[in-house]
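Okay, final02.pdb now, which holds PDB, C-alpha atoms and all ligand atoms:
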```pdb
ATOM      1  CA  MET A   9       0.000   0.000   0.000
ATOM      2  CA  THR A  10       1.447   3.326  -1.001
ATOM      3  CA  GLN A  11       0.407   6.872  -0.320
ATOM      4  CA  ASN A  12      -0.017   8.991  -3.362
ATOM      5  CA  ASP A  13      -0.664  12.404  -1.818
ATOM      6  CA  ASP A  14       2.707  13.653  -2.841
ATOM      7  CA  GLN A  15       2.671  12.285  -6.331
ATOM      8  CA  ARG A  16       1.392  15.393  -7.995
ATOM      9  CA  ASP A  17       2.049  14.161 -11.479
ATOM     10  CA  LYS A  18       0.823  10.662 -10.910
ATOM     11  CA  GLY A  19       0.082   9.037 -14.205
ATOM     12  CA  ASP A  20       0.966  12.110 -16.177
ATOM     13  CA  GLY A  21       4.672  11.898 -16.457
ATOM     14  CA  MET A  22       6.790   9.660 -18.567
ATOM     15  CA  GLU A  23       9.821   7.532 -18.135
ATOM     16  CA  VAL A  24      12.873   8.864 -19.830
ATOM     17  CA  ASP A  25      15.709   6.679 -20.907
ATOM     18  CA  SER A  26      18.883   8.506 -21.407
ATOM     19  CA  HIS A  27      22.072   6.852 -22.487
ATOM     20  CA  GLY A  28      25.168   8.809 -21.774
ATOM     21  CA  ASP A  29      28.025   7.589 -23.868
ATOM     22  CA  HIS A  30      30.278  10.492 -23.321
ATOM     23  CA  GLU A  31      33.296  10.464 -21.129
ATOM     24  CA  ALA A  32      32.469  11.366 -17.562
ATOM     25  CA  GLY A  33      35.811  12.913 -16.769
ATOM     26  CA  ASP A  34      39.436  12.611 -17.645
ATOM     27  CA  SER A  35      40.277  10.056 -14.994
ATOM     28  CA  GLU A  36      37.109   8.013 -14.943
ATOM     29  CA  PRO A  37      36.740   5.076 -17.281
ATOM     30  CA  LYS A  38      34.118   5.436 -19.966
ATOM     31  CA  LYS A  39      30.772   4.414 -18.550
ATOM     32  CA  GLU A  40      27.344   4.025 -19.884
ATOM     33  CA  ARG A  41      24.276   3.853 -17.793
ATOM     34  CA  VAL A  42      20.580   4.051 -18.203
ATOM     35  CA  LEU A  43      18.832   6.733 -16.231
ATOM     36  CA  HIS A  44      15.226   6.369 -15.291
ATOM     37  CA  THR A  45      13.479   9.455 -14.129
ATOM     38  CA  ARG A  46       9.971  10.816 -13.834
ATOM     39  CA  VAL A  47       9.319  14.132 -15.476
ATOM     40  CA  PRO A  48       6.256  16.297 -14.972
ATOM     41  CA  ALA A  49       3.553  16.267 -17.609
ATOM     42  CA  VAL A  50       4.198  19.843 -18.676
ATOM     43  CA  LEU A  51       7.818  19.104 -19.277
ATOM     44  CA  GLU A  52       6.925  15.900 -21.057
ATOM     45  CA  ARG A  53       4.696  17.774 -23.477
ATOM     46  CA  GLU A  54       7.343  20.380 -24.140
ATOM     47  CA  LEU A  55      10.038  17.779 -24.682
ATOM     48  CA  LYS A  56       7.829  15.717 -26.962
ATOM     49  CA  ARG A  57       6.775  18.769 -28.927
ATOM     50  CA  PHE A  58      10.350  19.853 -29.337
ATOM     51  CA  ALA A  59      11.550  16.386 -30.242
ATOM     52  CA  ASP A  60       8.701  16.038 -32.685
ATOM     53  CA  ASN A  61       9.577  19.340 -34.203
ATOM     54  CA  LEU A  62      13.146  18.197 -34.687
ATOM     55  CA  ARG A  63      12.064  14.699 -35.686
ATOM     56  CA  VAL A  64      14.427  13.123 -33.240
ATOM     57  CA  PRO A  65      13.664  10.621 -30.493
ATOM     58  CA  VAL A  66      12.843  12.195 -27.151
ATOM     59  CA  SER A  67      15.679  10.256 -25.530
ATOM     60  CA  ASN A  68      18.081  11.774 -27.997
ATOM     61  CA  LEU A  69      16.882  15.241 -27.118
ATOM     62  CA  VAL A  70      17.003  14.555 -23.409
ATOM     63  CA  ARG A  71      20.530  13.284 -23.695
ATOM     64  CA  THR A  72      21.619  16.376 -25.538
ATOM     65  CA  ILE A  73      19.973  18.607 -22.972
ATOM     66  CA  LEU A  74      21.563  16.713 -20.129
ATOM     67  CA  GLU A  75      24.977  16.838 -21.710
ATOM     68  CA  ASP A  76      24.485  20.536 -22.083
ATOM     69  CA  ALA A  77      23.329  20.932 -18.536
ATOM     70  CA  LEU A  78      26.273  18.934 -17.274
ATOM     71  CA  ASN A  79      28.632  21.147 -19.164
ATOM     72  CA  VAL A  80      27.408  24.261 -17.434
ATOM     73  CA  ALA A  81      26.379  22.928 -14.058
ATOM     74  CA  ASP A  82      29.038  22.796 -11.417
ATOM     75  CA  ALA A  83      26.852  21.230  -8.763
ATOM     76  CA  ALA A  84      27.172  17.477  -8.617
ATOM     77  CA  THR A  85      24.400  17.479  -6.051
ATOM     78  CA  GLU A  86      21.700  18.504  -8.461
ATOM     79  CA  ASN A  87      19.489  15.636  -9.470
ATOM     80  CA  VAL A  88      18.492  14.685 -12.951
ATOM     81  CA  GLU A  89      15.012  16.098 -12.689
ATOM     82  CA  SER A  90      16.059  19.543 -11.578
ATOM     83  CA  ARG A  91      18.631  19.608 -14.344
ATOM     84  CA  LEU A  92      15.946  18.718 -16.828
ATOM     85  CA  ARG A  93      13.600  21.348 -15.434
ATOM     86  CA  LYS A  94      16.278  23.976 -15.625
ATOM     87  CA  ALA A  95      17.220  22.934 -19.117
ATOM     88  CA  ALA A  96      13.607  22.995 -20.230
ATOM     89  CA  LYS A  97      13.309  26.592 -19.091
ATOM     90  CA  GLN A  98      16.141  27.485 -21.379
ATOM     91  CA  LEU A  99      14.654  25.592 -24.294
ATOM     92  CA  GLU A 100      13.129  28.661 -25.859
ATOM     93  CA  HIS A 101      16.371  30.587 -25.836
ATOM     94  CA  GLU A 102      18.556  27.724 -26.780
ATOM     95  CA  ARG A 103      16.237  26.179 -29.311
ATOM     96  CA  GLU A 104      18.372  26.978 -32.303
ATOM     97  CA  ARG A 105      21.608  25.941 -30.726
ATOM     98  CA  LEU A 106      20.107  22.683 -29.452
ATOM     99  CA  LYS A 107      18.534  22.125 -32.804
ATOM    100  CA  ALA A 108      21.895  22.298 -34.470
ATOM    101  CA  ARG A 109      23.370  19.904 -31.931
ATOM    102  CA  VAL A 110      20.559  17.382 -31.978
ATOM    103  CA  LYS A 111      20.188  17.540 -35.713
ATOM    104  CA  PHE A 112      23.809  16.808 -36.165
ATOM    105  CA  ASP A 113      23.539  13.720 -34.045
ATOM    106  CA  PRO A 114      21.966  11.134 -36.389
ATOM    107  CA  LEU A 115      24.892  11.135 -38.764
ATOM    108  CA  LYS A 116      27.766  11.655 -36.424
ATOM    109  CA  ASP A 117      28.622   7.972 -35.962
ATOM    110  CA  ILE A 118      28.216   7.023 -39.596
ATOM    111  CA  PHE A 119      31.486   5.969 -41.174
ATOM    112  CA  ALA A 120      30.191   5.115 -44.643
ATOM    113  CA  PHE A 121      27.111   5.121 -46.825
ATOM    114  CA  GLN A 122      25.992   2.161 -48.853
ATOM    115  CA  ARG A 123      23.713   2.593 -51.818
ATOM    116  CA  VAL A 124      20.568   0.538 -51.401
ATOM    117  CA  THR A 125      17.150   0.104 -52.929
ATOM    118  CA  LEU A 126      14.529   0.762 -50.307
ATOM    119  CA  ALA A 127      12.034  -1.982 -49.574
ATOM    120  CA  GLN A 128      10.045   0.296 -47.279
ATOM    121  CA  ASP A 129       9.333   3.963 -47.178
ATOM    122  CA  ALA A 130      11.964   5.921 -45.328
ATOM    123  CA  THR A 131      12.947   9.479 -44.662
ATOM    124  CA  CYS A 132      16.220  11.203 -45.365
ATOM    125  CA  ALA A 133      17.851  11.716 -41.996
ATOM    126  CA  LYS A 134      19.320  15.001 -43.094
ATOM    127  CA  CYS A 135      16.805  16.884 -45.249
ATOM    128  CA  GLU A 136      13.797  14.866 -44.073
ATOM    129  CA  ARG A 137      12.563  14.269 -47.599
ATOM    130  CA  ASP A 138      10.353  11.220 -47.977
ATOM    131  CA  LEU A 139      12.022   8.323 -49.679
ATOM    132  CA  ALA A 140       9.584   5.875 -51.223
ATOM    133  CA  ALA A 141       9.926   2.134 -51.375
ATOM    134  CA  GLY A 142      11.722   1.182 -54.580
ATOM    135  CA  ALA A 143      13.781   4.357 -54.612
ATOM    136  CA  HIS A 144      17.518   4.450 -54.205
ATOM    137  CA  ALA A 145      18.809   5.682 -50.912
ATOM    138  CA  ASN A 146      22.007   5.495 -48.945
ATOM    139  CA  LEU A 147      22.192   3.446 -45.800
ATOM    140  CA  GLY A 148      24.427   4.887 -43.105
ATOM    141  CA  LEU A 149      26.799   2.345 -41.647
ATOM    142  CA  SER A 150      27.975   2.664 -38.094
ATOM    143  CA  ASP A 151      29.618   0.457 -35.522
ATOM    144  CA  GLU A 152      27.454  -1.662 -33.281
ATOM    145  CA  PRO A 153      26.644   0.276 -30.145
ATOM    146  CA  THR A 154      28.490  -1.045 -27.135
ATOM    147  CA  ASN A 155      25.442  -0.821 -24.911
ATOM    148  CA  GLY A 156      23.676  -3.520 -26.899
ATOM    149  CA  LYS A 157      20.902  -1.183 -27.917
ATOM    150  CA  LYS A 158      19.739  -1.337 -31.478
ATOM    151  CA  LYS A 159      20.470   1.776 -33.435
ATOM    152  CA  PRO A 160      17.848   3.283 -35.699
ATOM    153  CA  ARG A 161      18.595   2.823 -39.380
ATOM    154  CA  ILE A 162      19.808   5.943 -41.046
ATOM    155  CA  PHE A 163      19.094   6.674 -44.689
ATOM    156  CA  VAL A 164      20.021   9.755 -46.629
ATOM    157  CA  CYS A 165      19.035  10.815 -50.116
ATOM    158  CA  ASP A 166      21.593  11.244 -52.898
ATOM    159  CA  GLU A 167      21.672  15.006 -52.468
ATOM    160  CA  CYS A 168      22.601  14.673 -48.835
ATOM    161  CA  LEU A 169      25.549  12.365 -49.399
ATOM    162  CA  PRO A 170      28.825  13.928 -48.318
ATOM    163  CA  GLY A 171      30.500  15.432 -51.332
ATOM    164  CA  ALA A 172      27.296  15.609 -53.342
ATOM    165  CA  ARG A 173      26.591  18.872 -55.170
TER     166      ARG A 173
HETATM  167 ZN    ZN A 201      18.333  14.373 -48.044
END
```

Written as structure tokens, how would this file's structure read?
Amino acid sequence: MTQNDDQRDKGDGMEVDSHGDHEAGDSEPKKERVLHTRVPAVLERELKRFADNLRVPVSNLVRTILEDALNVADAATENVESRLRKAAKQLEHERERLKARVKFDPLKDIFAFQRVTLAQDATCAKCERDLAAGAHANLGLSDEPTNGKKKPRIFVCDECLPGAR
């Protein structure tokens, strides 16, 4: 039996998975961990709207925001939620900068593109143009993630290939 008086956002929040794969410090070994946190419904809506707008997964956005927050925050005592809240407040101002960072993300681990014929509809990860089944596209190849998580497939159109145009 649990009391729920203090759970103001009961049922309204969402679980956020955030995978940090960046170095934690110069002396610490590279670590990856999954963070589970509850975020208030208002923040959830804002994050989802923003992520939707950028067409990136919410977790991707959250990770970028957290990385950003970690870069500026000196307090190690702050918890994840308050960092997120703080970061969300700055969303409006930092929208463009974050956009550039998050947008850049999908292709940053790609080491090569392989020309393929699509069997299913897809979207160019860079210009977001729709790519129809049967069309040629370029599959982004990247190393298997070390955390065992499946990476989303990345396709780009011919115009968005590096060196094109
Ligand atoms: Zn494109």

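Distances to ligand ZN 201 (chain A) were evaluated for A:Ile162, A:Val124, A:Ala133, A:Leu115 using all atoms listed in the file, and the minimum falls at A:Ala133.
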
Closest atom pairs, chain A residues within 10 Å of ligand ZN 201 (chain A), only C-alpha atoms and all ligand atoms, as JSON lines:
```
{"residue": "A:Thr131", "atom": "CA", "partner": "A:ZN201", "partner_atom": "ZN", "distance": 8.0}
{"residue": "A:Cys132", "atom": "CA", "partner": "A:ZN201", "partner_atom": "ZN", "distance": 4.7}
{"residue": "A:Ala133", "atom": "CA", "partner": "A:ZN201", "partner_atom": "ZN", "distance": 6.6}
{"residue": "A:Lys134", "atom": "CA", "partner": "A:ZN201", "partner_atom": "ZN", "distance": 5.1}
{"residue": "A:Cys135", "atom": "CA", "partner": "A:ZN201", "partner_atom": "ZN", "distance": 4.1}
{"residue": "A:Glu136", "atom": "CA", "partner": "A:ZN201", "partner_atom": "ZN", "distance": 6.0}
{"residue": "A:Arg137", "atom": "CA", "partner": "A:ZN201", "partner_atom": "ZN", "distance": 5.8}
{"residue": "A:Asp138", "atom": "CA", "partner": "A:ZN201", "partner_atom": "ZN", "distance": 8.6}
{"residue": "A:Leu139", "atom": "CA", "partner": "A:ZN201", "partner_atom": "ZN", "distance": 8.9}
{"residue": "A:Ala145", "atom": "CA", "partner": "A:ZN201", "partner_atom": "ZN", "distance": 9.2}
{"residue": "A:Asn146", "atom": "CA", "partner": "A:ZN201", "partner_atom": "ZN", "distance": 9.7}
{"residue": "A:Phe163", "atom": "CA", "partner": "A:ZN201", "partner_atom": "ZN", "distance": 8.4}
{"residue": "A:Val164", "atom": "CA", "partner": "A:ZN201", "partner_atom": "ZN", "distance": 5.1}
{"residue": "A:Cys165", "atom": "CA", "partner": "A:ZN201", "partner_atom": "ZN", "distance": 4.2}
{"residue": "A:Asp166", "atom": "CA", "partner": "A:ZN201", "partner_atom": "ZN", "distance": 6.6}
{"residue": "A:Glu167", "atom": "CA", "partner": "A:ZN201", "partner_atom": "ZN", "distance": 5.6}
{"residue": "A:Cys168", "atom": "CA", "partner": "A:ZN201", "partner_atom": "ZN", "distance": 4.4}
{"residue": "A:Leu169", "atom": "CA", "partner": "A:ZN201", "partner_atom": "ZN", "distance": 7.6}
```

- [ ] Go ahead and compute the interatomic distance for atom CA of Ala59 of chain A and atom CA of Ala127 of chain A, in Å to one decimal.
- [x]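 Spanning atom CA of Ala59 of chain A to atom CA of Ala127 of chain A is a straight-line distance of 26.7 Å.
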
Open item on the list: Between atom CA of Glu52 of chain A and atom CA of Leu69 of chain A, what distance in Å does the model show, to one decimal?
Closed with: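 Separating atom CA of Glu52 of chain A from atom CA of Leu69 of chain A is a distance of 11.7 Å.
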
- [ ] Counting all atoms listed in the file, figure out which residue out of A:Ile118, A:Val47, A:Val64, A:Ala172 gets nearest to Arg93 of chain A.
- [x]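 Among the listed residues, A:Val47 lies closest to Arg93 of chain A.
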
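Using all atoms listed in the file, the protein and nucleic acid residues lying no more than 6 Å from Ala141 of chain A, apart from those fewer than 3 places from it along its own chain, are Leu126, Ala127, Gln128 and Asp129 of chain A.
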
Taking the file as shown, what set of residues would the PyMOL selection byres (((chain A and resi 119) around 9) and not hetatm) give back, as a tab-separated table (two decimals) with C-alpha atoms, in the coordinates of the input?
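Heads up, here's the output in part.tsv:
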```tsv
chain	number	residue	atom	x	y	z
A	115	LEU	CA	24.89	11.14	-38.76
A	116	LYS	CA	27.77	11.66	-36.42
A	117	ASP	CA	28.62	7.97	-35.96
A	118	ILE	CA	28.22	7.02	-39.60
A	120	ALA	CA	30.19	5.12	-44.64
A	121	PHE	CA	27.11	5.12	-46.82
A	148	GLY	CA	24.43	4.89	-43.10
A	149	LEU	CA	26.80	2.35	-41.65
A	150	SER	CA	27.98	2.66	-38.09
A	151	ASP	CA	29.62	0.46	-35.52
```

What are the centre and edge lengths in Å, to one decimal, of the axis-aligned box around all listed atoms of segment 64-75 of chain A with 5 Å added on each side, as lines of an AutoDock Vina configuration file?
```
center_x = 18.9
center_y = 14.4
center_z = -26.7
size_x = 22.1
size_y = 18.4
size_z = 23.1
```

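Going from atom CA of Arg71 of chain A to atom CA of Lys56 of chain A covers 13.3 Å.
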
Task: Distance query Leu92 of chain A at most 8 Å, only C-alpha atoms, self and fewer than 2 positions along chain excluded, as a VMD selection string - done: chain A and resid 70 73 to 74 77 88 to 90 94 to 96

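Nearest residue to Val50 of chain A among A:Asn155, A:Lys97, A:Ala143, A:Arg105 is A:Lys97, counting only C-alpha atoms.
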